[in-house]
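The file structure_27.cif contains mmCIF, C-alpha atoms:
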```cif
data_upload
#
loop_
_atom_site.label_atom_id
_atom_site.label_comp_id
_atom_site.auth_asym_id
_atom_site.auth_seq_id
_atom_site.Cartn_x
_atom_site.Cartn_y
_atom_site.Cartn_z
CA MET S 1 -17.90 10.52 0.92
CA LEU S 2 -16.05 9.17 3.95
CA ALA S 3 -17.77 11.72 6.20
CA VAL S 4 -21.16 10.50 4.97
CA PHE S 5 -20.14 6.90 5.62
CA ARG S 6 -18.95 7.80 9.13
CA ASP S 7 -22.24 9.50 9.95
CA ALA S 8 -24.13 6.47 8.65
CA GLY S 9 -22.11 4.16 10.93
CA LEU S 10 -20.72 2.18 8.01
CA PHE S 11 -17.40 1.57 9.79
CA GLU S 12 -19.08 -0.03 12.81
CA GLU S 13 -20.43 -3.55 13.12
CA GLN S 14 -24.00 -3.81 11.84
CA TYR S 15 -26.53 -5.84 13.78
CA ASP S 16 -29.80 -6.60 12.01
CA LEU S 17 -32.77 -8.50 13.33
CA ALA S 18 -33.22 -11.88 11.71
CA GLN S 19 -35.83 -11.88 8.99
CA ASP S 20 -38.23 -14.54 7.79
CA ASP S 21 -36.42 -15.77 4.70
CA PRO S 22 -37.78 -18.37 2.28
CA GLN S 23 -36.77 -21.92 3.15
CA GLY S 24 -33.45 -22.85 1.57
CA ALA S 25 -32.38 -19.22 1.08
CA ILE S 26 -29.14 -17.59 2.22
CA PRO S 27 -29.94 -15.38 5.26
CA SER S 28 -30.81 -11.89 3.99
CA SER S 29 -29.60 -10.18 7.18
CA TRP S 30 -26.17 -11.76 6.65
CA LEU S 31 -26.13 -10.64 3.00
CA ARG S 32 -26.91 -7.06 4.00
CA ARG S 33 -24.16 -6.98 6.65
CA GLU S 34 -21.61 -8.37 4.20
CA LYS S 35 -22.56 -5.85 1.51
CA LEU S 36 -22.06 -2.95 3.92
CA LYS S 37 -18.82 -4.46 5.24
CA ARG S 38 -17.42 -4.83 1.73
CA LEU S 39 -18.36 -1.24 0.95
CA ALA S 40 -16.51 -0.08 4.10
CA PHE S 41 -13.31 -1.94 3.20
CA PHE S 42 -13.47 -0.86 -0.43
CA SER S 43 -13.66 2.75 0.79
CA PHE S 44 -10.60 2.03 2.93
CA ARG S 45 -8.70 0.81 -0.14
CA LEU S 46 -9.74 3.80 -2.23
CA ASP S 47 -8.53 6.20 0.46
CA ILE S 48 -5.07 4.61 0.30
CA TYR S 49 -5.04 4.68 -3.51
CA PHE S 50 -5.77 8.42 -3.52
CA TYR S 51 -3.08 8.94 -0.87
CA PHE S 52 -0.48 7.60 -3.29
CA LEU S 53 -1.99 9.27 -6.33
CA ARG S 54 -2.45 12.76 -4.88
CA GLY S 55 0.02 12.79 -1.99
CA HIS S 56 -2.64 13.58 0.63
CA ASN S 57 -2.46 12.00 4.05
CA PRO S 58 -4.81 8.99 4.45
CA THR S 59 -8.18 10.16 5.75
CA LEU S 60 -9.55 6.90 7.10
CA ARG S 61 -7.56 5.35 9.95
CA TYR S 62 -7.55 1.61 10.41
CA ASP S 63 -8.77 1.93 14.03
CA GLU S 64 -11.99 3.48 12.74
CA LEU S 65 -12.87 0.11 11.19
CA SER S 66 -14.52 -1.29 14.30
CA LEU S 67 -15.96 -4.28 12.47
CA THR S 68 -14.95 -7.80 11.64
CA THR S 69 -13.32 -8.42 8.27
CA PRO S 70 -15.46 -9.56 5.31
CA CYS S 71 -16.10 -13.25 4.71
CA SER S 72 -14.15 -15.35 2.24
CA GLU S 73 -14.70 -15.17 -1.50
CA LYS S 74 -16.16 -18.70 -1.64
CA LEU S 75 -18.72 -17.93 1.04
CA TRP S 76 -19.69 -14.65 -0.62
CA ASP S 77 -20.07 -16.37 -4.02
CA ALA S 78 -22.15 -19.27 -2.69
CA GLN S 79 -25.18 -19.76 -4.96
CA THR S 80 -27.37 -21.96 -2.77
CA ALA S 81 -28.11 -22.21 0.93
CA GLU S 82 -26.61 -25.71 0.97
CA GLU S 83 -23.34 -24.46 -0.51
CA TRP S 84 -23.40 -21.46 1.84
CA HIS S 85 -23.76 -23.65 4.96
CA GLN S 86 -21.03 -26.01 3.74
CA VAL S 87 -18.49 -23.20 3.20
CA LYS S 88 -19.64 -21.48 6.41
CA ARG S 89 -18.67 -24.61 8.40
CA ILE S 90 -15.21 -24.66 6.81
CA GLU S 91 -14.73 -20.97 7.44
CA SER S 92 -15.78 -21.23 11.09
CA GLN S 93 -13.12 -23.92 11.56
CA LYS S 94 -10.31 -22.11 9.74
CA ARG S 95 -10.92 -18.46 10.64
CA THR S 96 -11.14 -16.65 13.94
CA PRO S 97 -13.55 -13.68 13.78
CA MET S 98 -11.67 -10.53 14.78
CA ARG S 99 -12.32 -6.83 14.55
CA PHE S 100 -9.98 -5.34 11.99
CA MET S 101 -8.43 -2.78 14.33
CA ASN S 102 -7.58 -5.54 16.84
CA LEU S 103 -6.15 -7.73 14.10
CA VAL S 104 -3.78 -4.97 12.96
CA ASP S 105 -2.69 -4.15 16.53
CA ILE S 106 -1.78 -7.80 17.15
CA ALA S 107 -0.04 -8.14 13.79
CA LEU S 108 2.24 -5.19 14.51
CA ASP S 109 3.10 -6.38 18.01
CA ARG S 110 6.31 -8.41 17.95
CA GLU S 111 5.26 -10.73 20.77
CA GLY S 112 1.60 -11.06 19.83
CA ARG S 113 2.21 -11.68 16.12
CA ALA S 114 3.16 -15.33 16.67
CA GLY S 115 -0.36 -16.06 17.95
CA LEU S 116 -2.08 -14.46 14.97
CA PRO S 117 -4.33 -16.97 13.17
CA SER S 118 -4.00 -17.64 9.45
CA LEU S 119 -5.66 -14.93 7.39
CA LEU S 120 -7.26 -14.51 3.99
CA GLU S 121 -5.28 -12.85 1.20
CA ASP S 122 -7.66 -9.89 1.41
CA GLU S 123 -6.86 -9.39 5.10
CA TYR S 124 -3.13 -9.23 4.33
CA PHE S 125 -3.85 -6.63 1.66
CA HIS S 126 -5.96 -4.56 4.07
CA GLY S 127 -3.16 -4.88 6.63
CA LEU S 128 -0.76 -3.21 4.16
CA CYS S 129 -3.35 -0.46 3.72
CA ALA S 130 -3.55 -0.02 7.49
CA MET S 131 0.21 0.63 7.73
CA GLN S 132 0.05 3.62 5.39
CA ILE S 133 -1.17 6.14 7.99
CA TRP S 134 1.89 5.34 10.14
CA LEU S 135 4.18 5.37 7.14
CA TRP S 136 2.88 8.79 6.11
CA ARG S 137 3.35 10.15 9.65
CA ASP S 138 6.89 8.80 10.17
CA ILE S 139 8.04 9.65 6.64
CA ASN S 140 6.98 13.27 7.04
CA ARG S 141 8.43 13.46 10.54
CA SER S 142 11.84 12.12 9.47
CA ARG S 143 12.02 14.42 6.43
CA SER S 144 11.07 17.48 8.49
CA LEU S 145 13.82 16.62 10.99
CA LYS S 146 16.39 16.65 8.18
CA GLU S 147 15.46 20.26 7.48
CA LEU S 148 16.29 21.44 11.02
CA PRO S 149 19.46 23.50 11.63
CA ARG S 150 22.71 21.55 11.97
CA THR S 151 22.94 22.46 15.67
CA PHE S 152 19.90 20.28 16.33
CA GLN S 153 21.22 17.47 14.15
CA ALA S 154 24.55 17.52 15.99
CA SER S 155 22.77 16.92 19.31
CA GLY S 156 22.02 13.32 18.31
CA ILE S 157 18.25 13.76 18.58
CA CYS S 158 18.05 14.34 14.84
CA SER S 159 21.12 12.38 13.79
CA ARG S 160 20.99 10.16 10.73
CA PRO S 161 20.51 6.94 12.77
CA ALA S 162 17.71 8.56 14.80
CA ILE S 163 15.99 9.84 11.66
CA SER S 164 16.26 6.56 9.76
CA ARG S 165 15.18 4.34 12.65
CA ALA S 166 11.46 4.65 11.94
CA ILE S 167 11.99 4.20 8.21
CA ASP S 168 13.99 1.01 8.72
CA PHE S 169 11.38 -0.27 11.18
CA TRP S 170 8.56 0.11 8.66
CA ALA S 171 10.65 -1.38 5.86
CA MET S 172 11.06 -4.48 8.07
CA GLN S 173 7.36 -4.57 9.00
CA LEU S 174 6.35 -4.43 5.34
CA THR S 175 8.69 -7.31 4.50
CA ILE S 176 7.41 -9.45 7.39
CA TRP S 177 3.83 -8.83 6.27
CA ARG S 178 4.69 -9.74 2.66
CA ASP S 179 6.39 -12.98 3.73
CA CYS S 180 3.40 -13.93 5.92
CA LEU S 181 1.09 -13.40 2.95
CA ARG S 182 3.12 -15.87 0.91
CA SER S 183 3.52 -18.51 3.61
CA ARG S 184 0.49 -18.30 5.91
CA ALA S 185 -2.54 -17.24 3.82
CA LEU S 186 -5.43 -19.70 4.01
CA GLY S 187 -5.40 -20.34 0.28
CA SER S 188 -7.55 -22.68 -1.78
CA LEU S 189 -9.96 -23.73 0.97
CA LEU S 190 -11.78 -20.42 0.93
CA SER S 191 -10.85 -18.67 -2.32
CA SER S 192 -10.39 -19.44 -6.01
CA GLN S 193 -7.02 -19.38 -7.75
CA LYS S 194 -8.13 -16.34 -9.77
CA HIS S 195 -8.99 -14.38 -6.62
CA ARG S 196 -5.80 -15.39 -4.83
CA GLU S 197 -3.61 -14.36 -7.76
CA MET S 198 -5.39 -11.03 -8.18
CA THR S 199 -5.19 -10.19 -4.47
CA GLU S 200 -1.56 -11.28 -4.06
CA SER S 201 -0.51 -9.32 -7.17
CA SER S 202 -2.19 -6.19 -5.79
CA ALA S 203 -0.60 -6.74 -2.37
CA ILE S 204 2.90 -7.18 -3.84
CA LEU S 205 2.49 -4.00 -5.88
CA LEU S 206 1.34 -2.13 -2.77
CA TYR S 207 4.33 -3.57 -0.89
CA HIS S 208 6.82 -2.23 -3.45
CA LEU S 209 4.94 1.06 -3.66
CA SER S 210 5.16 1.44 0.13
CA GLN S 211 8.88 0.66 0.11
CA MET S 212 9.40 3.29 -2.62
CA SER S 213 7.59 5.89 -0.53
CA LEU S 214 9.96 5.13 2.37
CA ARG S 215 13.08 5.57 0.24
CA ALA S 216 12.08 8.40 -2.11
CA ASP S 217 10.21 11.67 -1.61
CA LEU S 218 7.54 11.03 -4.21
CA LYS S 219 6.01 14.48 -3.70
CA VAL S 220 9.29 16.24 -4.52
CA ILE S 221 9.76 14.04 -7.58
CA LYS S 222 6.26 14.91 -8.77
CA ASP S 223 6.96 18.61 -8.18
CA VAL S 224 10.12 18.37 -10.27
CA SER S 225 8.24 16.66 -13.09
CA LEU S 226 5.46 19.27 -12.93
CA GLY S 227 8.01 22.08 -12.78
CA GLN S 228 8.99 21.27 -16.34
CA ARG S 229 5.54 22.37 -17.49
CA HIS S 230 4.55 24.99 -14.92
CA PRO S 231 6.26 28.36 -15.42
CA GLN S 232 4.66 29.71 -12.21
CA TYR S 233 7.23 27.74 -10.18
CA SER S 234 9.92 30.24 -9.17
CA GLY S 235 13.54 29.76 -10.10
CA ASN S 236 14.58 29.39 -6.44
CA PHE S 237 11.91 26.77 -5.84
CA LYS S 238 12.97 24.78 -8.89
CA ARG S 239 16.64 24.92 -7.88
CA GLN S 240 15.75 23.74 -4.38
CA LEU S 241 13.82 20.80 -5.79
CA GLU S 242 16.66 19.91 -8.15
CA SER S 243 19.15 20.04 -5.29
CA THR S 244 16.97 17.74 -3.17
CA ILE S 245 16.70 15.18 -5.98
CA SER S 246 20.42 15.43 -6.72
CA GLU S 247 21.34 14.64 -3.10
CA TRP S 248 18.80 11.83 -2.98
CA ALA S 249 20.20 10.23 -6.16
CA LYS S 250 23.61 9.86 -4.45
CA SER S 251 22.17 8.12 -1.40
CA PRO S 252 21.60 4.41 -0.60
CA ASP S 253 17.89 5.24 -0.34
CA ALA S 254 17.83 6.06 -4.05
CA ARG S 255 19.27 2.68 -4.97
CA GLN S 256 16.72 0.90 -2.79
CA ALA S 257 13.88 2.94 -4.29
CA MET S 258 15.16 2.08 -7.75
CA TRP S 259 15.24 -1.62 -6.89
CA HIS S 260 11.59 -1.58 -5.82
CA SER S 261 10.72 0.48 -8.88
CA ALA S 262 12.39 -2.15 -11.05
CA GLN S 263 10.39 -4.93 -9.35
CA VAL S 264 7.15 -3.16 -10.23
CA LEU S 265 8.21 -2.69 -13.84
CA LYS S 266 9.43 -6.31 -14.12
CA LEU S 267 6.14 -7.61 -12.73
CA LEU S 268 4.10 -5.57 -15.19
CA GLN S 269 6.45 -6.46 -18.06
CA ARG S 270 5.98 -10.14 -17.29
CA THR S 271 2.21 -9.62 -17.22
CA ALA S 272 2.30 -7.86 -20.60
CA ARG S 273 4.45 -10.63 -22.10
CA GLN S 274 2.03 -13.29 -20.86
CA SER S 275 -0.86 -11.41 -22.42
CA GLU S 276 0.93 -11.22 -25.77
CA THR S 277 1.75 -14.94 -25.81
CA GLY S 278 -1.67 -16.03 -24.60
CA GLU S 279 -0.29 -17.37 -21.31
CA ALA S 280 -2.06 -14.79 -19.19
CA THR S 281 -4.07 -16.02 -16.22
CA HIS S 282 -7.25 -14.29 -15.13
CA SER S 283 -5.30 -12.16 -12.67
CA SER S 284 -2.46 -11.14 -14.98
CA SER S 285 -4.90 -9.82 -17.55
CA HIS S 286 -6.74 -7.79 -14.91
CA ILE S 287 -5.61 -4.16 -14.75
CA GLY S 288 -6.71 -2.54 -11.52
CA PHE S 289 -6.34 0.91 -10.03
CA ILE S 290 -3.36 -0.10 -7.89
CA VAL S 291 -1.53 -1.32 -11.02
CA SER S 292 -1.88 2.06 -12.71
CA ILE S 293 -0.69 3.91 -9.59
CA ALA S 294 2.28 1.58 -9.06
CA LEU S 295 3.34 1.94 -12.70
CA TYR S 296 3.08 5.75 -12.48
CA GLU S 297 5.09 6.00 -9.23
CA ALA S 298 7.74 3.48 -10.37
CA GLY S 299 8.16 5.39 -13.62
CA LEU S 300 8.61 8.66 -11.74
CA VAL S 301 11.29 7.19 -9.46
CA ALA S 302 13.21 5.73 -12.41
CA TRP S 303 12.88 9.01 -14.35
CA ALA S 304 14.11 11.16 -11.43
CA TYR S 305 17.10 8.91 -10.72
CA ALA S 306 18.16 8.58 -14.38
CA ARG S 307 17.72 12.30 -14.97
CA SER S 308 19.78 13.25 -11.93
CA VAL S 309 22.58 10.86 -12.88
CA GLN S 310 22.57 12.22 -16.43
CA ILE S 311 22.79 15.82 -15.18
CA ARG S 312 25.67 14.92 -12.86
CA LEU S 313 27.58 13.12 -15.61
CA SER S 314 27.03 16.02 -18.02
CA SER S 315 28.34 18.46 -15.39
CA LEU S 316 31.44 16.32 -14.82
CA ALA S 317 32.09 16.08 -18.56
CA LEU S 318 31.71 19.84 -18.92
CA SER S 319 34.11 20.46 -16.01
CA GLU S 320 36.70 18.12 -17.51
CA GLU S 321 36.33 19.83 -20.85
CA LYS S 322 36.92 23.25 -19.27
CA CYS S 323 39.97 21.94 -17.39
CA PHE S 324 41.35 20.47 -20.59
CA ASP S 325 40.81 23.74 -22.51
CA GLY S 326 42.34 25.72 -19.67
CA GLY S 327 45.34 23.43 -19.52
#
```

Represent the structure from my file as structure tokens, please.
Amino acid sequence: MLAVFRDAGLFEEQYDLAQDDPQGAIPSSWLRREKLKRLAFFSFRLDIYFYFLRGHNPTLRYDELSLTTPCSEKLWDAQTAEEWHQVKRIESQKRTPMRFMNLVDIALDREGRAGLPSLLEDEYFHGLCAMQIWLWRDINRSRSLKELPRTFQASGICSRPAISRAIDFWAMQLTIWRDCLRSRALGSLLSSQKHREMTESSAILLYHLSQMSLRADLKVIKDVSLGQRHPQYSGNFKRQLESTISEWAKSPDARQAMWHSAQVLKLLQRTARQSETGEATHSSSHIGFIVSIALYEAGLVAWAYARSVQIRLSSLALSEEKCFDGG
């Protein structure tokens, strides 16, 4: 699908000739550009969702999106030309048109970030999506370095601080981006409360999901869970996976992954409780794709950690029992 969209030029700015529209109508050329732009960014989101769901590297890079970000929800939902022109004036005053790839480059630059204009909630969400290709690259690089012989690790090139540097950097970037979403998003001028709540909830879930991927090898955890049902996995392979999870469960990374997993579960528990008591807002009753993925990944992290701790405690109890019998 993405290859077809690339060939069709969907990820590049579209320029249409103005058309003779009926008087008092919203410009049709603008509507067509916005429809295509929204399709491009929705494809970008879906690519990230499948990255988390299937463990494949993201296919669509943010720098391929050589087009300005979609308009605000209020402008898109305008019903009349008069309303459209009114919101368009507000948007032109509050937003600075930027190509998405330039926006992300500035946002990730420590010195340039201060000059970044206020953004829509959707743009913060897409920014989190844009980080995933770097996260995937640095996560895999750091984990492959851990597998090198000890002689390389002793040289300092692959030492623990060197390996964790990129992970800590991205953990900080994700947190900065989350805090900017909460404090600098444009808000009610250009979007409804329902839309803001839905977008922020999705962004916070993606934030915790990204932090979990930094602190836990989700692919290994999935392999361990699948190994329970797939006899074709060899004994050596299963033992290697179990050993990896056991070492991870003893590390600070495991506790951080568990914390983010707990935040996902608490958020969804609060949503479920609001639905049961009739206090649910439009956003809390909306179950999207990202919610299902976050719940699945958070459950896997909690399962792997609890299972590893239980195995370790059982082994210790068995060892003490043998020592007692032997004594």

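Shortest separation to Lys266 in chain S among S:Gln14, S:Ala298, S:Lys250, S:Thr244 occurs at residue S:Ala298, atoms counted being only C-alpha atoms.
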
Please produce, as a tab-separated table, a per-residue contact table for range 158-243 of chain S versus range 129-140 of chain S (criterion: any atom at most 8 Å away, all atoms listed in the file considered), showing the nearest atom pair and its distance in Å to one decimal, sorted by chain then residue number.
```
residue	atom	partner	partner_atom	distance
S:Ala166	CA	S:Asp138	CA	6.4
S:Ile167	CA	S:Ile139	CA	6.9
S:Trp170	CA	S:Leu135	CA	7.0
S:Ser210	CA	S:Gln132	CA	7.7
S:Leu214	CA	S:Ile139	CA	6.5
```

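Residue nearest Leu128 in chain S within the list S:Phe11, S:Trp177, S:Tyr51, S:Trp84: S:Trp177 [criterion: smallest interatomic distance, only C-alpha atoms].
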
What are the closest atom pairs, with distances in Å to one decimal, for each residue of range 91-132 of chain S lying within 7 Å of range 56-66 of chain S, using all atoms listed in the file, rows by chain and rising residue number, as a tab-separated table?
```
residue	atom	partner	partner_atom	distance
S:Arg99	CA	S:Ser66	CA	6.0
S:Phe100	CA	S:Leu65	CA	6.2
S:Met101	CA	S:Asp63	CA	4.7
S:Ala130	CA	S:Tyr62	CA	5.2
```

Mind writing the picked residues with C-alpha atoms as a compact mmCIF listing (two decimals), in the frame of the given file?
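Output below, filename again06.txt:
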```
# COMPACT_ATOMS: atom_id res chain seq x y z
CA ARG S 99 -12.32 -6.83 14.55
CA PHE S 100 -9.98 -5.34 11.99
CA MET S 101 -8.43 -2.78 14.33
CA ALA S 130 -3.55 -0.02 7.49
```

Find, counting all atoms listed in the file, the residue in S:Phe289, S:Phe52, S:Tyr124, S:Phe169 that gets nearest to Met212 in chain S.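 Distance minimum relative to Met212 in chain S lands on S:Phe52.
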
Result set of the PyMOL selection byres ((chain S and resi 76) around 10) on the coordinates above, as a PDB file with C-alpha atoms, in the frame of the given file:
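Dumped to out-v9.pdb:
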```
ATOM      1  CA  LEU S  31     -26.130 -10.640   3.000  1.00  0.00           C
ATOM      2  CA  GLU S  34     -21.610  -8.370   4.200  1.00  0.00           C
ATOM      3  CA  LYS S  35     -22.560  -5.850   1.510  1.00  0.00           C
ATOM      4  CA  PRO S  70     -15.460  -9.560   5.310  1.00  0.00           C
ATOM      5  CA  CYS S  71     -16.100 -13.250   4.710  1.00  0.00           C
ATOM      6  CA  SER S  72     -14.150 -15.350   2.240  1.00  0.00           C
ATOM      7  CA  GLU S  73     -14.700 -15.170  -1.500  1.00  0.00           C
ATOM      8  CA  LYS S  74     -16.160 -18.700  -1.640  1.00  0.00           C
ATOM      9  CA  LEU S  75     -18.720 -17.930   1.040  1.00  0.00           C
ATOM     10  CA  ASP S  77     -20.070 -16.370  -4.020  1.00  0.00           C
ATOM     11  CA  ALA S  78     -22.150 -19.270  -2.690  1.00  0.00           C
ATOM     12  CA  GLN S  79     -25.180 -19.760  -4.960  1.00  0.00           C
ATOM     13  CA  TRP S  84     -23.400 -21.460   1.840  1.00  0.00           C
ATOM     14  CA  VAL S  87     -18.490 -23.200   3.200  1.00  0.00           C
ATOM     15  CA  LYS S  88     -19.640 -21.480   6.410  1.00  0.00           C
ATOM     16  CA  LEU S 190     -11.780 -20.420   0.930  1.00  0.00           C
ATOM     17  CA  SER S 191     -10.850 -18.670  -2.320  1.00  0.00           C
TER      18      SER S 191
END
```

Care to translate the PyMOL selection byres ((chain S and resi 309) around 12) into actual residues of this file, as a list in words? Glu242, Ile245, Ser246, Glu247, Trp248, Ala249, Lys250, Ser251, Ala254, Arg255, Ala302, Trp303, Ala304, Tyr305, Ala306, Arg307, Ser308, Gln310, Ile311, Arg312, Leu313, Ser314, Ser315 and Leu316 of chain S

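Our summary of the geometry notes that CA of Gly288 in chain S is positioned 20.8 Å from CA of Lys37 in chain S.
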
In Å, rounded to a single decimal, give me how far CA of Glu91 in chain S is from CA of Ser29 in chain S.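 Straight-line distance from CA of Ser29 in chain S to CA of Glu91 in chain S works out to 18.4 Å.
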
Report the distance between CA of Asp217 in chain S and CA of Arg45 in chain S in Å, rounded to one decimal place.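 A separation of 21.9 Å between them.
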